[in-house]
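The structure file target-v7.pdb is reproduced below (PDB, C-alpha atoms, pLDDT in the B column).
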ATOM      1  CA  MET A   9      85.780 111.264  76.134  1.00 46.00           C
ATOM      2  CA  SER A  10      89.040 113.195  76.339  1.00 50.00           C
ATOM      3  CA  GLU A  11      87.650 115.074  79.383  1.00 52.00           C
ATOM      4  CA  GLN A  12      87.263 111.744  81.235  1.00 51.00           C
ATOM      5  CA  ILE A  13      90.853 110.781  80.370  1.00 52.00           C
ATOM      6  CA  ASP A  14      92.113 114.110  81.719  1.00 76.00           C
ATOM      7  CA  PHE A  15      90.258 113.562  84.997  1.00 80.00           C
ATOM      8  CA  GLN A  16      91.606 110.020  85.247  1.00 83.00           C
ATOM      9  CA  LEU A  17      95.154 111.278  84.679  1.00 85.00           C
ATOM     10  CA  LEU A  18      94.640 114.094  87.179  1.00 84.00           C
ATOM     11  CA  SER A  19      93.197 111.633  89.694  1.00 86.00           C
ATOM     12  CA  PHE A  20      96.179 109.314  89.236  1.00 89.00           C
ATOM     13  CA  THR A  21      98.631 112.205  89.647  1.00 88.00           C
ATOM     14  CA  ILE A  22      96.969 113.564  92.777  1.00 89.00           C
ATOM     15  CA  LYS A  23      96.765 110.109  94.359  1.00 91.00           C
ATOM     16  CA  ARG A  24     100.365 109.236  93.514  1.00 92.00           C
ATOM     17  CA  LEU A  25     101.823 112.505  94.810  1.00 91.00           C
ATOM     18  CA  GLY A  26      99.545 112.360  97.848  1.00 91.00           C
ATOM     19  CA  TRP A  27     100.833 108.887  98.693  1.00 93.00           C
ATOM     20  CA  ILE A  28     104.461 109.901  98.141  1.00 93.00           C
ATOM     21  CA  ARG A  29     103.976 112.934 100.357  1.00 93.00           C
ATOM     22  CA  PHE A  30     102.187 110.869 103.001  1.00 93.00           C
ATOM     23  CA  TRP A  31     104.804 108.123 103.217  1.00 95.00           C
ATOM     24  CA  VAL A  32     107.844 110.399 103.097  1.00 94.00           C
ATOM     25  CA  GLN A  33     106.420 112.613 105.817  1.00 93.00           C
ATOM     26  CA  LEU A  34     105.416 109.574 107.861  1.00 95.00           C
ATOM     27  CA  VAL A  35     108.920 108.100 107.731  1.00 95.00           C
ATOM     28  CA  LEU A  36     110.511 111.448 108.584  1.00 93.00           C
ATOM     29  CA  GLY A  37     107.987 111.934 111.395  1.00 92.00           C
ATOM     30  CA  VAL A  38     108.832 108.541 112.897  1.00 94.00           C
ATOM     31  CA  VAL A  39     112.541 109.405 112.747  1.00 91.00           C
ATOM     32  CA  VAL A  40     111.879 112.766 114.381  1.00 90.00           C
ATOM     33  CA  ILE A  41     109.796 111.344 117.208  1.00 90.00           C
ATOM     34  CA  ALA A  42     112.409 108.654 117.879  1.00 88.00           C
ATOM     35  CA  VAL A  43     115.197 111.224 117.953  1.00 85.00           C
ATOM     36  CA  LEU A  44     113.229 113.644 120.153  1.00 81.00           C
ATOM     37  CA  VAL A  45     112.336 110.890 122.617  1.00 84.00           C
ATOM     38  CA  PHE A  46     115.924 109.628 122.634  1.00 81.00           C
ATOM     39  CA  THR A  47     117.200 113.176 123.161  1.00 75.00           C
ATOM     40  CA  ARG A  48     114.771 113.714 126.022  1.00 72.00           C
ATOM     41  CA  ILE A  49     115.674 110.435 127.727  1.00 72.00           C
ATOM     42  CA  GLY A  50     119.395 110.900 127.108  1.00 64.00           C
ATOM     43  CA  SER A  51     119.474 114.458 128.425  1.00 62.00           C
ATOM     44  CA  SER A  52     117.628 113.449 131.611  1.00 64.00           C
ATOM     45  CA  LEU A  53     120.171 110.677 132.223  1.00 58.00           C
ATOM     46  CA  GLY A  54     123.176 112.915 131.555  1.00 58.00           C
ATOM     47  CA  ASN A  55     125.151 114.616 134.270  1.00 56.00           C
ATOM     48  CA  ASP A  56     125.380 118.066 132.731  1.00 53.00           C
ATOM     49  CA  THR A  57     121.846 119.420 132.550  1.00 52.00           C
ATOM     50  CA  GLN A  58     123.022 123.030 132.333  1.00 55.00           C
ATOM     51  CA  LYS A  59     124.310 122.454 128.794  1.00 55.00           C
ATOM     52  CA  ALA A  60     120.943 121.088 127.701  1.00 55.00           C
ATOM     53  CA  LEU A  61     119.148 124.232 128.894  1.00 58.00           C
ATOM     54  CA  GLY A  62     120.614 126.223 126.001  1.00 71.00           C
ATOM     55  CA  LEU A  63     118.965 123.857 123.530  1.00 78.00           C
ATOM     56  CA  ALA A  64     115.476 124.076 125.076  1.00 81.00           C
ATOM     57  CA  PRO A  65     114.105 126.874 122.834  1.00 86.00           C
ATOM     58  CA  GLY A  66     115.327 125.102 119.708  1.00 86.00           C
ATOM     59  CA  LEU A  67     113.876 121.785 120.813  1.00 86.00           C
ATOM     60  CA  SER A  68     110.565 123.465 121.664  1.00 88.00           C
ATOM     61  CA  LEU A  69     110.355 124.997 118.198  1.00 92.00           C
ATOM     62  CA  THR A  70     111.318 121.666 116.654  1.00 91.00           C
ATOM     63  CA  THR A  71     108.501 120.016 118.603  1.00 91.00           C
ATOM     64  CA  LEU A  72     106.019 122.650 117.385  1.00 94.00           C
ATOM     65  CA  ALA A  73     107.213 122.071 113.818  1.00 94.00           C
ATOM     66  CA  PHE A  74     106.793 118.335 114.396  1.00 94.00           C
ATOM     67  CA  PHE A  75     103.147 118.819 115.420  1.00 95.00           C
ATOM     68  CA  LEU A  76     102.637 120.847 112.261  1.00 96.00           C
ATOM     69  CA  LEU A  77     104.249 117.964 110.343  1.00 95.00           C
ATOM     70  CA  LEU A  78     101.643 115.635 111.836  1.00 95.00           C
ATOM     71  CA  TYR A  79      98.911 117.987 110.613  1.00 96.00           C
ATOM     72  CA  SER A  80     100.602 118.089 107.214  1.00 95.00           C
ATOM     73  CA  LEU A  81     100.651 114.294 107.228  1.00 94.00           C
ATOM     74  CA  TRP A  82      96.890 114.316 107.758  1.00 95.00           C
ATOM     75  CA  GLN A  83      96.569 116.822 104.893  1.00 93.00           C
ATOM     76  CA  GLY A  84      98.533 114.384 102.709  1.00 92.00           C
ATOM     77  CA  TRP A  85      95.975 111.694 103.502  1.00 94.00           C
ATOM     78  CA  LEU A  86      93.165 114.093 102.593  1.00 93.00           C
ATOM     79  CA  ILE A  87      94.910 114.812  99.292  1.00 92.00           C
ATOM     80  CA  VAL A  88      94.936 111.078  98.532  1.00 92.00           C
ATOM     81  CA  ARG A  89      91.194 110.949  99.255  1.00 92.00           C
ATOM     82  CA  ALA A  90      90.629 113.994  97.045  1.00 91.00           C
ATOM     83  CA  GLY A  91      92.563 112.254  94.272  1.00 89.00           C
ATOM     84  CA  ARG A  92      90.262 109.268  94.545  1.00 90.00           C
ATOM     85  CA  ALA A  93      87.235 111.549  94.438  1.00 90.00           C
ATOM     86  CA  VAL A  94      88.487 113.338  91.315  1.00 87.00           C
ATOM     87  CA  GLY A  95      88.428 110.015  89.470  1.00 83.00           C
ATOM     88  CA  SER A  96      84.849 109.237  90.497  1.00 84.00           C
ATOM     89  CA  LYS A  97      81.522 110.527  89.204  1.00 84.00           C
ATOM     90  CA  ALA A  98      80.979 112.853  92.192  1.00 83.00           C
ATOM     91  CA  ARG A  99      84.238 114.744  91.847  1.00 84.00           C
ATOM     92  CA  PRO A 100      85.050 117.792  93.983  1.00 86.00           C
ATOM     93  CA  SER A 101      85.351 121.155  92.306  1.00 87.00           C
ATOM     94  CA  ARG A 102      88.691 122.648  91.362  1.00 86.00           C
ATOM     95  CA  GLY A 103      88.202 125.224  94.129  1.00 89.00           C
ATOM     96  CA  GLN A 104      87.622 122.577  96.818  1.00 91.00           C
ATOM     97  CA  THR A 105      90.669 120.591  95.766  1.00 90.00           C
ATOM     98  CA  SER A 106      92.879 123.660  95.520  1.00 91.00           C
ATOM     99  CA  ARG A 107      91.732 124.888  98.963  1.00 94.00           C
ATOM    100  CA  LEU A 108      92.747 121.537 100.437  1.00 93.00           C
ATOM    101  CA  ILE A 109      96.159 121.701  98.803  1.00 93.00           C
ATOM    102  CA  LYS A 110      96.626 125.367  99.760  1.00 94.00           C
ATOM    103  CA  ARG A 111      95.834 124.548 103.381  1.00 95.00           C
ATOM    104  CA  GLY A 112      98.615 121.951 103.353  1.00 93.00           C
ATOM    105  CA  LEU A 113     100.897 124.467 101.668  1.00 95.00           C
ATOM    106  CA  VAL A 114     100.305 127.068 104.388  1.00 96.00           C
ATOM    107  CA  VAL A 115     100.882 124.488 107.140  1.00 96.00           C
ATOM    108  CA  ASP A 116     104.152 123.450 105.505  1.00 96.00           C
ATOM    109  CA  LEU A 117     105.261 127.071 105.214  1.00 97.00           C
ATOM    110  CA  ILE A 118     104.523 127.745 108.891  1.00 97.00           C
ATOM    111  CA  GLY A 119     106.280 124.486 109.826  1.00 96.00           C
ATOM    112  CA  MET A 120     109.317 125.517 107.806  1.00 96.00           C
ATOM    113  CA  ILE A 121     109.400 128.873 109.587  1.00 97.00           C
ATOM    114  CA  PHE A 122     109.301 127.167 112.999  1.00 96.00           C
ATOM    115  CA  SER A 123     111.958 124.697 111.852  1.00 95.00           C
ATOM    116  CA  LEU A 124     114.276 127.414 110.571  1.00 95.00           C
ATOM    117  CA  ILE A 125     113.951 129.512 113.717  1.00 95.00           C
ATOM    118  CA  GLY A 126     114.437 126.345 115.789  1.00 93.00           C
ATOM    119  CA  TYR A 127     117.511 125.497 113.754  1.00 93.00           C
ATOM    120  CA  GLN A 128     118.998 128.894 114.536  1.00 93.00           C
ATOM    121  CA  ALA A 129     118.087 128.463 118.205  1.00 92.00           C
ATOM    122  CA  LEU A 130     119.860 125.084 118.240  1.00 90.00           C
ATOM    123  CA  MET A 131     122.957 126.119 116.325  1.00 91.00           C
ATOM    124  CA  GLY A 132     123.587 129.314 118.312  1.00 89.00           C
ATOM    125  CA  PRO A 133     124.345 127.568 121.632  1.00 86.00           C
ATOM    126  CA  LEU A 134     126.251 124.807 119.821  1.00 86.00           C
ATOM    127  CA  PHE A 135     128.441 127.385 118.078  1.00 87.00           C
ATOM    128  CA  ILE A 136     129.148 129.130 121.388  1.00 84.00           C
ATOM    129  CA  GLN A 137     129.928 125.767 122.956  1.00 81.00           C
ATOM    130  CA  ALA A 138     132.260 124.837 120.093  1.00 80.00           C
ATOM    131  CA  SER A 139     134.043 128.184 120.263  1.00 81.00           C
ATOM    132  CA  MET A 140     134.691 127.702 123.999  1.00 77.00           C
ATOM    133  CA  GLN A 141     136.558 124.445 123.431  1.00 72.00           C
ATOM    134  CA  THR A 142     140.266 124.483 123.973  1.00 69.00           C
ATOM    135  CA  PRO A 143     142.369 123.289 121.054  1.00 69.00           C
ATOM    136  CA  GLY A 144     143.646 119.750 121.307  1.00 64.00           C
ATOM    137  CA  ILE A 145     142.457 116.963 123.550  1.00 63.00           C
ATOM    138  CA  SER A 146     142.378 117.446 127.284  1.00 59.00           C
ATOM    139  CA  ILE A 147     142.175 114.145 129.149  1.00 61.00           C
ATOM    140  CA  GLY A 148     141.902 113.837 132.873  1.00 58.00           C
ATOM    141  CA  SER A 149     140.173 115.510 135.758  1.00 58.00           C
ATOM    142  CA  SER A 150     142.307 118.633 135.943  1.00 56.00           C
ATOM    143  CA  ALA A 151     140.845 122.118 135.935  1.00 53.00           C
ATOM    144  CA  ARG A 152     141.809 122.450 132.281  1.00 53.00           C
ATOM    145  CA  ALA A 153     139.755 119.366 131.372  1.00 52.00           C
ATOM    146  CA  MET A 154     136.709 120.811 133.116  1.00 49.00           C
ATOM    147  CA  GLN A 155     136.871 123.944 130.944  1.00 58.00           C
ATOM    148  CA  ASN A 156     136.483 121.906 127.776  1.00 61.00           C
ATOM    149  CA  TYR A 157     132.851 121.715 126.634  1.00 67.00           C
ATOM    150  CA  PRO A 158     132.626 118.913 124.099  1.00 73.00           C
ATOM    151  CA  ILE A 159     129.589 118.740 121.864  1.00 77.00           C
ATOM    152  CA  THR A 160     127.783 115.495 122.600  1.00 78.00           C
ATOM    153  CA  SER A 161     125.959 113.168 120.265  1.00 78.00           C
ATOM    154  CA  LEU A 162     122.626 114.106 121.862  1.00 80.00           C
ATOM    155  CA  GLU A 163     123.165 117.711 120.824  1.00 83.00           C
ATOM    156  CA  ILE A 164     123.898 116.626 117.270  1.00 86.00           C
ATOM    157  CA  LEU A 165     120.769 114.435 117.334  1.00 86.00           C
ATOM    158  CA  SER A 166     118.684 117.460 118.300  1.00 86.00           C
ATOM    159  CA  VAL A 167     119.959 119.274 115.206  1.00 90.00           C
ATOM    160  CA  LEU A 168     119.253 116.132 113.154  1.00 90.00           C
ATOM    161  CA  SER A 169     115.640 116.013 114.364  1.00 90.00           C
ATOM    162  CA  ASN A 170     115.180 119.625 113.322  1.00 92.00           C
ATOM    163  CA  THR A 171     116.658 118.892 109.914  1.00 94.00           C
ATOM    164  CA  GLN A 172     114.276 115.954 109.445  1.00 93.00           C
ATOM    165  CA  VAL A 173     111.253 118.120 110.277  1.00 95.00           C
ATOM    166  CA  LEU A 174     112.497 120.801 107.895  1.00 95.00           C
ATOM    167  CA  THR A 175     112.941 118.208 105.139  1.00 95.00           C
ATOM    168  CA  GLY A 176     109.426 116.840 105.701  1.00 95.00           C
ATOM    169  CA  HIS A 177     107.889 120.295 105.398  1.00 96.00           C
ATOM    170  CA  PHE A 178     109.989 121.084 102.334  1.00 96.00           C
ATOM    171  CA  ILE A 179     108.832 117.919 100.562  1.00 95.00           C
ATOM    172  CA  GLY A 180     105.213 118.703 101.425  1.00 94.00           C
ATOM    173  CA  LEU A 181     105.651 122.252 100.151  1.00 95.00           C
ATOM    174  CA  CYS A 182     107.173 121.132  96.849  1.00 95.00           C
ATOM    175  CA  MET A 183     104.475 118.550  96.241  1.00 93.00           C
ATOM    176  CA  SER A 184     101.706 121.015  97.088  1.00 93.00           C
ATOM    177  CA  LEU A 185     103.106 123.580  94.678  1.00 94.00           C
ATOM    178  CA  TRP A 186     103.413 120.959  91.935  1.00 92.00           C
ATOM    179  CA  LEU A 187      99.851 119.747  92.532  1.00 91.00           C
ATOM    180  CA  LEU A 188      98.488 123.286  92.408  1.00 91.00           C
ATOM    181  CA  ARG A 189     100.305 123.818  89.119  1.00 90.00           C
ATOM    182  CA  ARG A 190      98.860 120.579  87.796  1.00 86.00           C
ATOM    183  CA  ILE A 191      95.305 121.396  88.889  1.00 85.00           C
ATOM    184  CA  TYR A 192      95.308 124.837  87.286  1.00 82.00           C
ATOM    185  CA  LYS A 193      97.014 123.530  84.161  1.00 77.00           C
ATOM    186  CA  ASN A 194      93.938 121.449  83.268  1.00 60.00           C
TER     187      ASN A 194
END
Please re-express this file's structure in structure tokens.
Amino acid sequence: MSEQIDFQLLSFTIKRLGWIRFWVQLVLGVVVIAVLVFTRIGSSLGNDTQKALGLAPGLSLTTLAFFLLLYSLWQGWLIVRAGRAVGSKARPSRGQTSRLIKRGLVVDLIGMIFSLIGYQALMGPLFIQASMQTPGISIGSSARAMQNYPITSLEILSVLSNTQVLTGHFIGLCMSLWLLRRIYKN
């Protein structure tokens, strides 16, 4: 009888953490896609497209990390289904469940690597741009005003989208590690 209670508790834990992971990653994914679309539309409408070229590698890596976040989101849904199956009569083996969680863990690790490299690729050009700014405020259309390269809100949004992807992968990684610990504890 105590074995059944342990499986019910394990099933509840896997389902709950799977749902938390799923919804947090879904919300962060929606924010990321909105920011990436807004950044893409805003940069195509802007006058200075040369500045946006320096952010292209970082945005590409952020987009790759976003696609990995979508795969991780699907893995979160599979974890919820595995949690339901653990509570039923035809429960999956510990090896099957741990392989599913490990697959999500590896995807989150790869997504974090892409996000971190993308973050560096975004911040490098922004740092160079910030260091080229002249001190003080230069207003007008003089030659001095043209040398000032202000950092725009679209550039900050591109860094924000990368941070959201990184956060989504980090949450998935933490939950996967906790679930693996919980599975092998029983």
*Where does the PyMOL selection byres ((chain A and resi 19) around 7) land in this file, that is, which residues does it pick, as an MDAnalysis selection string?*
chainID A and resid 15:18 20:23 91:92 94:95
What's around A:Phe30 at 8 Å? Count all atoms listed in the file, leave out sequence neighbours fewer than 5 positions away in its own chain, and write the answer as a compact mmCIF listing (two decimals) with C-alpha atoms, in the frame of the given file.
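Okay, this is what ended up in around-v1.txt:
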# COMPACT_ATOMS: atom_id res chain seq x y z
CA LEU A 81 100.65 114.29 107.23
CA TRP A 82 96.89 114.32 107.76
CA GLY A 84 98.53 114.38 102.71
CA TRP A 85 95.98 111.69 103.50
*Compile the contact shell of A:Ile118 as an MDAnalysis selection string: residues with an atom at most 9 Å away, counting all atoms listed in the file, same-chain residues fewer than 4 positions apart removed.*
chainID A and resid 73 76 113:114 122:123 177
*Which value, in Å to one decimal, gives the distance between atom CA of A:Val88 and atom CA of A:Ile41?*
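Separation between atom CA of A:Val88 and atom CA of A:Ile41: 23.9 Å.
What the PyMOL selection byres ((chain A and resi 167-171) around 7) matches in the given file is Val40, Val43, Leu44, Thr70, Ser123, Tyr127, Leu130, Glu163, Ile164, Leu165, Ser166, Gln172, Val173, Leu174 and Thr175 of chain A.
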*Just give me the gap between atom CA of A:Ser139 and atom CA of A:Ser161 in Å, one decimal is fine.*
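Distance between the two atoms: 17.1 Å.
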For stretch 64-89 of chain A, supply N, CA and C atoms and format the output as an mmCIF file, in the frame of the given file.
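The new file result32.cif reads:
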data_model
loop_
_atom_site.group_PDB
_atom_site.id
_atom_site.type_symbol
_atom_site.label_atom_id
_atom_site.label_comp_id
_atom_site.auth_asym_id
_atom_site.auth_seq_id
_atom_site.Cartn_x
_atom_site.Cartn_y
_atom_site.Cartn_z
ATOM 1 N N ALA A 64 116.915 124.182 124.824
ATOM 2 C CA ALA A 64 115.476 124.076 125.076
ATOM 3 C C ALA A 64 114.623 124.895 124.097
ATOM 4 N N PRO A 65 114.956 126.148 123.797
ATOM 5 C CA PRO A 65 114.105 126.874 122.834
ATOM 6 C C PRO A 65 114.102 126.224 121.445
ATOM 7 N N GLY A 66 115.249 125.760 121.008
ATOM 8 C CA GLY A 66 115.327 125.102 119.708
ATOM 9 C C GLY A 66 114.552 123.803 119.674
ATOM 10 N N LEU A 67 114.632 123.042 120.753
ATOM 11 C CA LEU A 67 113.876 121.785 120.813
ATOM 12 C C LEU A 67 112.374 122.042 120.915
ATOM 13 N N SER A 68 111.987 123.117 121.594
ATOM 14 C CA SER A 68 110.565 123.465 121.664
ATOM 15 C C SER A 68 110.028 123.837 120.286
ATOM 16 N N LEU A 69 110.791 124.623 119.544
ATOM 17 C CA LEU A 69 110.355 124.997 118.198
ATOM 18 C C LEU A 69 110.351 123.791 117.261
ATOM 19 N N THR A 70 111.301 122.897 117.444
ATOM 20 C CA THR A 70 111.318 121.666 116.654
ATOM 21 C C THR A 70 110.087 120.822 116.959
ATOM 22 N N THR A 71 109.693 120.769 118.227
ATOM 23 C CA THR A 71 108.501 120.016 118.603
ATOM 24 C C THR A 71 107.241 120.645 118.010
ATOM 25 N N LEU A 72 107.154 121.982 118.019
ATOM 26 C CA LEU A 72 106.019 122.650 117.385
ATOM 27 C C LEU A 72 105.986 122.349 115.885
ATOM 28 N N ALA A 73 107.145 122.389 115.245
ATOM 29 C CA ALA A 73 107.213 122.071 113.818
ATOM 30 C C ALA A 73 106.842 120.617 113.579
ATOM 31 N N PHE A 74 107.174 119.743 114.521
ATOM 32 C CA PHE A 74 106.793 118.335 114.396
ATOM 33 C C PHE A 74 105.274 118.168 114.446
ATOM 34 N N PHE A 75 104.607 118.897 115.356
ATOM 35 C CA PHE A 75 103.147 118.819 115.420
ATOM 36 C C PHE A 75 102.523 119.340 114.130
ATOM 37 N N LEU A 76 103.120 120.366 113.556
ATOM 38 C CA LEU A 76 102.637 120.847 112.261
ATOM 39 C C LEU A 76 102.898 119.809 111.165
ATOM 40 N N LEU A 77 103.983 119.038 111.300
ATOM 41 C CA LEU A 77 104.249 117.964 110.343
ATOM 42 C C LEU A 77 103.185 116.877 110.455
ATOM 43 N N LEU A 78 102.734 116.602 111.669
ATOM 44 C CA LEU A 78 101.643 115.635 111.836
ATOM 45 C C LEU A 78 100.371 116.133 111.158
ATOM 46 N N TYR A 79 100.077 117.427 111.291
ATOM 47 C CA TYR A 79 98.911 117.987 110.613
ATOM 48 C C TYR A 79 99.091 117.922 109.098
ATOM 49 N N SER A 80 100.300 118.176 108.641
ATOM 50 C CA SER A 80 100.602 118.089 107.214
ATOM 51 C C SER A 80 100.471 116.650 106.717
ATOM 52 N N LEU A 81 100.814 115.710 107.559
ATOM 53 C CA LEU A 81 100.651 114.294 107.228
ATOM 54 C C LEU A 81 99.169 113.976 107.028
ATOM 55 N N TRP A 82 98.324 114.494 107.898
ATOM 56 C CA TRP A 82 96.890 114.316 107.758
ATOM 57 C C TRP A 82 96.389 114.986 106.478
ATOM 58 N N GLN A 83 96.938 116.156 106.136
ATOM 59 C CA GLN A 83 96.569 116.822 104.893
ATOM 60 C C GLN A 83 96.972 115.967 103.691
ATOM 61 N N GLY A 84 98.118 115.292 103.779
ATOM 62 C CA GLY A 84 98.533 114.384 102.709
ATOM 63 C C GLY A 84 97.526 113.263 102.507
ATOM 64 N N TRP A 85 96.990 112.739 103.601
ATOM 65 C CA TRP A 85 95.975 111.694 103.502
ATOM 66 C C TRP A 85 94.700 112.246 102.861
ATOM 67 N N LEU A 86 94.342 113.475 103.206
ATOM 68 C CA LEU A 86 93.165 114.093 102.593
ATOM 69 C C LEU A 86 93.380 114.345 101.098
ATOM 70 N N ILE A 87 94.603 114.630 100.720
ATOM 71 C CA ILE A 87 94.910 114.812 99.292
ATOM 72 C C ILE A 87 94.735 113.499 98.540
ATOM 73 N N VAL A 88 95.140 112.391 99.156
ATOM 74 C CA VAL A 88 94.936 111.078 98.532
ATOM 75 C C VAL A 88 93.437 110.822 98.350
ATOM 76 N N ARG A 89 92.647 111.135 99.363
ATOM 77 C CA ARG A 89 91.194 110.949 99.255
ATOM 78 C C ARG A 89 90.590 111.854 98.181
#
